[in-house]
Amino acid sequence: MRQAGRHLPEYLELRAQAKDFLDFCYSPSMAAEATLQPIRRYDMDAAILFADILLILDAIGLDVRFEKGVGPIVETVNDESDLNRVPMEKAVQRLSPVYETVDRVRSKLDSNKALIGFCGAPWTVALYAIEGRGGTDKSTARSWAYTNADLMNKLLDLLIEASAQYLSEQVKAGADALMIFESWAEGLPSDLFQSLVVEPNARLVNRLREMDITVPIIGFPRGAATMLEAYTSQVAVNGVGLDTAINPAHVAGAVPNTMAVQGHLDPLLLIAGGDAMDARVRELLQAYSGRPHIFNLGHGVRPETPIAHVERVVELVREGAT
Ligand code: CP3
């Protein structure tokens, strides 16, 4: 999950050497090292590529900055000409340092460990391009679906195609699985959940299959809540990332048994630790013991997370998995 490294001293040390966050992402040697750090420390079964969902906006020609204490700031799209700044082929090629990172990581990672490539889902990435930042009430982007639908659809179309090509290149470079982060799926009325989340994700997955990409794909519709089933029944993902608000009883009815579940320990409980954390980890392992389960958090690891608590979770998962 995003920003996982920030609780690790070795990550902070590496981060301090980079000019800025974008430079870090575009430096294959540093990004490969950041990808491998948590695997070295915790011996987890899969690594997630070090990059960011907003690189694609940089690639299509929008200015992206990461400001300390503020988060990402993106130049907003105002009209159709903003969508035609960089030809598709060039945009995909601009992300070649990421493919180089994948290649380096894959060659250094044990063959029994998976490397997960990723991108942001079209609506979540579009939201940054419309609102200029995350963490807003999403009203500007949501209004676009009603008042500026044509430009919204063109933006989604562009992101679907660019993301498909971007992910395809990651797989060619060695990614073993892909994850699509729909981090801002919450709070949408069901018709907009359908048109902004379900349909674009379904099209992205179908496009990847059309391009002969056969690796497993995990979708993460964060905040889907009661609409989780609409997502799992219409987006042909192999696994679904679950957020902290979903409980196993709901999952049983909303996610087909053949679909892997990934999640969903509360990152705040990982900070708290102790018996409550142990109990929840065991509960999740137990709840999903009869189906494919990738143990994970319901959202990103926070900087203040104690290393000992992550170690404890790894230990419990290993015990539970044997
Ligand atoms: O955990 C990892 O480091 C894996 C690589 C990764 C990053 N971002 C690196 C990153 C992944 C998978 C992401 C995904 C991402 N990025 C998402 C989707 C997942 C989620 O968390 O919902 C989103 C919404 C983003 C956008 C983003 N990037 C935000 C909101 C921020 C700033 C957050 C903050 O509080 O400052 C980032 C920055 C970012 N992306 C960092 C890292 C390691 C922190 C940069 C730093 O200061 O070192």
# chains A, B, ... in the order shown; residues from 1 in each chain; ligands from 1
>>> closest_atom_pairs(of="chain A", to="ligand 1", cutoff="8 Å", atoms="only C-alpha atoms and all ligand atoms", output="tab-separated table")
residue	atom	partner	partner_atom_place_in_ligand_line	distance
A:Met1	CA	ligand 1	1 (O)	4.3
A:Arg2	CA	ligand 1	1 (O)	3.4
A:Gln3	CA	ligand 1	43 (C)	3.4
A:Ala4	CA	ligand 1	1 (O)	3.7
A:Gly5	CA	ligand 1	3 (O)	5.3
A:Arg6	CA	ligand 1	48 (O)	6.1
A:Leu12	CA	ligand 1	48 (O)	7.2
A:Arg15	CA	ligand 1	48 (O)	6.1
A:Phe21	CA	ligand 1	45 (C)	6.0
A:Ala34	CA	ligand 1	3 (O)	7.5
A:Thr35	CA	ligand 1	4 (C)	7.2
A:Ile48	CA	ligand 1	4 (C)	5.6
A:Leu49	CA	ligand 1	5 (C)	5.8
A:Phe50	CA	ligand 1	5 (C)	4.1
A:Ala51	CA	ligand 1	5 (C)	4.9
A:Asp52	CA	ligand 1	8 (N)	4.0
A:Ile53	CA	ligand 1	16 (N)	4.9
A:Leu54	CA	ligand 1	26 (C)	6.3
A:Phe66	CA	ligand 1	38 (C)	6.6
A:Glu67	CA	ligand 1	36 (O)	7.4
A:Lys68	CA	ligand 1	36 (O)	6.4
A:Gly69	CA	ligand 1	36 (O)	5.8
A:Val70	CA	ligand 1	36 (O)	6.1
A:Gly71	CA	ligand 1	32 (C)	3.9
A:Pro72	CA	ligand 1	31 (C)	5.6
A:Phe118	CA	ligand 1	12 (C)	6.6
A:Cys119	CA	ligand 1	14 (C)	7.5
A:Gly120	CA	ligand 1	18 (C)	6.3
A:Thr124	CA	ligand 1	24 (C)	7.4
A:Arg133	CA	ligand 1	30 (C)	7.9
A:Gly134	CA	ligand 1	30 (C)	6.1
A:Gly135	CA	ligand 1	30 (C)	7.6
A:Phe181	CA	ligand 1	18 (C)	5.1
A:Glu182	CA	ligand 1	18 (C)	7.0
A:Ser183	CA	ligand 1	22 (O)	4.3
A:Trp184	CA	ligand 1	22 (O)	7.4
A:Arg222	CA	ligand 1	22 (O)	7.5
A:His299	CA	ligand 1	21 (O)	6.0
A:Gly300	CA	ligand 1	21 (O)	5.2
A:Val301	CA	ligand 1	1 (O)	7.4
>>> write_last_selection(atoms="C-alpha atoms", output="compact mmCIF listing (two decimals), in the first residue's frame")
# COMPACT_ATOMS: atom_id res chain seq x y z
CA MET A 1 0.00 0.00 0.00
CA ARG A 2 1.06 3.55 -0.55
CA GLN A 3 3.83 5.07 1.51
CA ALA A 4 4.61 1.78 3.20
CA GLY A 5 8.27 2.67 3.36
CA ARG A 6 7.80 5.72 5.46
CA LEU A 12 13.82 7.59 4.96
CA ARG A 15 14.38 9.27 0.37
CA PHE A 21 9.60 12.42 -4.92
CA ALA A 34 12.85 1.05 -2.10
CA THR A 35 10.79 -1.83 -3.54
CA ILE A 48 4.90 -3.88 -4.62
CA LEU A 49 6.64 -1.76 -7.19
CA PHE A 50 7.82 1.60 -5.87
CA ALA A 51 6.10 4.23 -8.01
CA ASP A 52 2.93 6.31 -7.65
CA ILE A 53 -0.52 6.32 -9.22
CA LEU A 54 0.00 9.94 -10.29
CA PHE A 66 4.49 16.24 -4.13
CA GLU A 67 4.68 18.80 -1.37
CA LYS A 68 5.89 17.88 2.05
CA GLY A 69 3.05 17.90 4.56
CA VAL A 70 0.50 18.67 1.82
CA GLY A 71 0.62 15.63 -0.47
CA PRO A 72 0.32 15.60 -4.23
CA PHE A 118 0.12 -1.23 -10.32
CA CYS A 119 -1.69 1.84 -11.53
CA GLY A 120 -4.47 4.04 -10.25
CA THR A 124 -9.31 7.99 -8.88
CA ARG A 133 -5.42 17.13 -5.08
CA GLY A 134 -6.85 14.23 -3.09
CA GLY A 135 -8.64 14.22 0.23
CA PHE A 181 -6.07 1.26 -6.95
CA GLU A 182 -9.52 2.84 -6.89
CA SER A 183 -8.82 4.75 -3.70
CA TRP A 184 -11.69 7.22 -3.98
CA ARG A 222 -11.81 1.44 -1.56
CA HIS A 299 -5.15 0.94 3.59
CA GLY A 300 -1.58 2.23 3.66
CA VAL A 301 1.04 1.70 6.36
>>> residues_around(residues="Ala225 (chain A)", least_positions_apart="4", cutoff="8 Å", atoms="only C-alpha atoms", output="list in words")
Glu186, Ala245 and Ile246 of chain A
>>> write_last_selection(atoms="N, CA, C and O atoms", output="mmCIF file, in the first residue's frame")
data_model
loop_
_atom_site.group_PDB
_atom_site.id
_atom_site.type_symbol
_atom_site.label_atom_id
_atom_site.label_comp_id
_atom_site.auth_asym_id
_atom_site.auth_seq_id
_atom_site.Cartn_x
_atom_site.Cartn_y
_atom_site.Cartn_z
ATOM 1 N N GLU A 186 -15.515 5.808 -2.609
ATOM 2 C CA GLU A 186 -16.611 5.953 -1.640
ATOM 3 C C GLU A 186 -17.524 7.135 -1.950
ATOM 4 O O GLU A 186 -17.129 8.094 -2.609
ATOM 5 N N ALA A 245 -13.385 -0.925 6.326
ATOM 6 C CA ALA A 245 -14.790 -0.865 6.734
ATOM 7 C C ALA A 245 -15.582 -2.130 6.414
ATOM 8 O O ALA A 245 -16.681 -2.324 6.915
ATOM 9 N N ILE A 246 -15.024 -2.973 5.556
ATOM 10 C CA ILE A 246 -15.752 -4.185 5.142
ATOM 11 C C ILE A 246 -15.547 -5.283 6.184
ATOM 12 O O ILE A 246 -14.435 -5.450 6.679
#
>>> select_by_dssp(residues="region 177-207 of chain A", states="strand (DSSP E or B)", output="PyMOL selection string")
chain A and resi 177-182
>>> write_last_selection(atoms="all heavy atoms", output="short mmCIF file (atom, residue, chain, number, x, y, z; two decimals), in the first residue's frame")
data_model
loop_
_atom_site.label_atom_id
_atom_site.label_comp_id
_atom_site.auth_asym_id
_atom_site.auth_seq_id
_atom_site.Cartn_x
_atom_site.Cartn_y
_atom_site.Cartn_z
N ALA A 177 1.98 -9.81 -11.13
CA ALA A 177 0.56 -9.55 -10.86
C ALA A 177 0.39 -8.04 -10.96
O ALA A 177 1.37 -7.29 -10.93
CB ALA A 177 0.18 -10.05 -9.47
N LEU A 178 -0.86 -7.61 -11.07
CA LEU A 178 -1.14 -6.18 -11.18
C LEU A 178 -2.20 -5.78 -10.18
O LEU A 178 -3.09 -6.58 -9.85
CB LEU A 178 -1.65 -5.85 -12.59
CG LEU A 178 -0.67 -6.11 -13.75
CD1 LEU A 178 -1.39 -5.96 -15.09
CD2 LEU A 178 0.52 -5.15 -13.68
N MET A 179 -2.10 -4.56 -9.69
CA MET A 179 -3.14 -4.07 -8.79
C MET A 179 -3.63 -2.72 -9.29
O MET A 179 -2.84 -1.88 -9.73
CB MET A 179 -2.57 -3.95 -7.37
CG MET A 179 -3.60 -3.57 -6.34
SD MET A 179 -3.19 -4.24 -4.72
CE MET A 179 -4.38 -3.35 -3.71
N ILE A 180 -4.94 -2.53 -9.24
CA ILE A 180 -5.54 -1.29 -9.72
C ILE A 180 -6.20 -0.58 -8.53
O ILE A 180 -7.16 -1.10 -7.95
CB ILE A 180 -6.58 -1.58 -10.82
CG1 ILE A 180 -5.93 -2.34 -11.99
CG2 ILE A 180 -7.21 -0.27 -11.32
CD1 ILE A 180 -6.91 -2.86 -13.03
N PHE A 181 -5.63 0.56 -8.16
CA PHE A 181 -6.07 1.26 -6.95
C PHE A 181 -7.19 2.26 -7.25
O PHE A 181 -6.97 3.32 -7.83
CB PHE A 181 -4.91 2.05 -6.33
CG PHE A 181 -3.86 1.19 -5.68
CD1 PHE A 181 -2.73 0.79 -6.36
CD2 PHE A 181 -4.02 0.79 -4.36
CE1 PHE A 181 -1.76 0.00 -5.74
CE2 PHE A 181 -3.06 0.00 -3.74
CZ PHE A 181 -1.93 -0.40 -4.43
N GLU A 182 -8.40 1.90 -6.81
CA GLU A 182 -9.52 2.84 -6.89
C GLU A 182 -9.72 3.39 -5.48
O GLU A 182 -10.61 2.97 -4.74
CB GLU A 182 -10.78 2.11 -7.39
CG GLU A 182 -11.95 3.03 -7.69
CD GLU A 182 -11.79 3.84 -8.98
OE1 GLU A 182 -11.11 4.88 -8.92
OE2 GLU A 182 -12.33 3.43 -10.02
#
>>> atom_distance(atom1="CA of Val105 (chain A)", atom2="CA of Thr244 (chain A)")
29.5 Å
>>> select_by_dssp(residues="region 173-267 of chain A", states="helix (DSSP H, G or I)", output="ChimeraX atom specification")
/A:173,190-210,225-234,248-254,267
>>> residues_around(residues="Ala185 (chain A)", least_positions_apart="6", cutoff="6 Å", atoms="only C-alpha atoms", output="list in words")
Pro221, Arg222, Gly223 and Ala224 of chain A
>>> closest_residue(among="A:Asp63, A:Glu283, A:Asp243, A:Asp137", to="Gly187 (chain A)", atoms="only C-alpha atoms")
A:Asp137
>>> residues_around(residues="Met44 (chain A)", least_positions_apart="2", cutoff="12 Å", atoms="only C-alpha atoms", output="ChimeraX atom specification")
/A:35-42,46-48,109-110,112-115,294-296,310-311,313-315,317-318
>>> closest_residue(among="A:Ala162, A:Ile116, A:Ala31, A:Leu284", to="Ile217 (chain A)", atoms="only C-alpha atoms")
A:Ile116
>>> closest_residue(among="A:Asp212, A:Leu155, A:Trp123, A:Glu169", to="Gln194 (chain A)", atoms="only C-alpha atoms")
A:Trp123
>>> atom_distance(atom1="CA of Lys108 (chain A)", atom2="CA of Met211 (chain A)")
27.0 Å
>>> residues_around(residues="Arg94 (chain A)", least_positions_apart="3", cutoff="7 Å", atoms="only C-alpha atoms", output="list in words")
Ala59, Lys90 and Ala91 of chain A
>>> closest_residue(among="A:Ile56, A:Leu14, A:Val237, A:Ala272", to="Thr258 (chain A)", atoms="only C-alpha atoms")
A:Val237
>>> atom_distance(atom1="CA of Ala287 (chain A)", atom2="CA of Ala308 (chain A)")
24.5 Å
>>> residues_around(residues="Leu242 (chain A)", least_positions_apart="4", cutoff="6 Å", atoms="only C-alpha atoms", output="PyMOL selection string")
chain A and resi 262-264+298
>>> write_last_selection(atoms="N, CA and C atoms", output="JSON list (two decimals), in the first residue's frame")
[["chain", "number", "residue", "atom", "x", "y", "z"],
["A", 262, "GLN", "N", -8.04, -9.70, -0.53],
["A", 262, "GLN", "CA", -6.79, -9.12, -0.02],
["A", 262, "GLN", "C", -7.16, -8.07, 1.01],
["A", 263, "GLY", "N", -6.67, -8.24, 2.21],
["A", 263, "GLY", "CA", -6.98, -7.23, 3.22],
["A", 263, "GLY", "C", -7.02, -7.86, 4.59],
["A", 264, "HIS", "N", -7.64, -7.18, 5.50],
["A", 264, "HIS", "CA", -7.97, -5.77, 5.50],
["A", 264, "HIS", "C", -7.81, -5.22, 6.91],
["A", 298, "GLY", "N", -6.07, -2.72, 5.26],
["A", 298, "GLY", "CA", -7.21, -2.11, 4.58],
["A", 298, "GLY", "C", -6.85, -0.79, 3.91]]
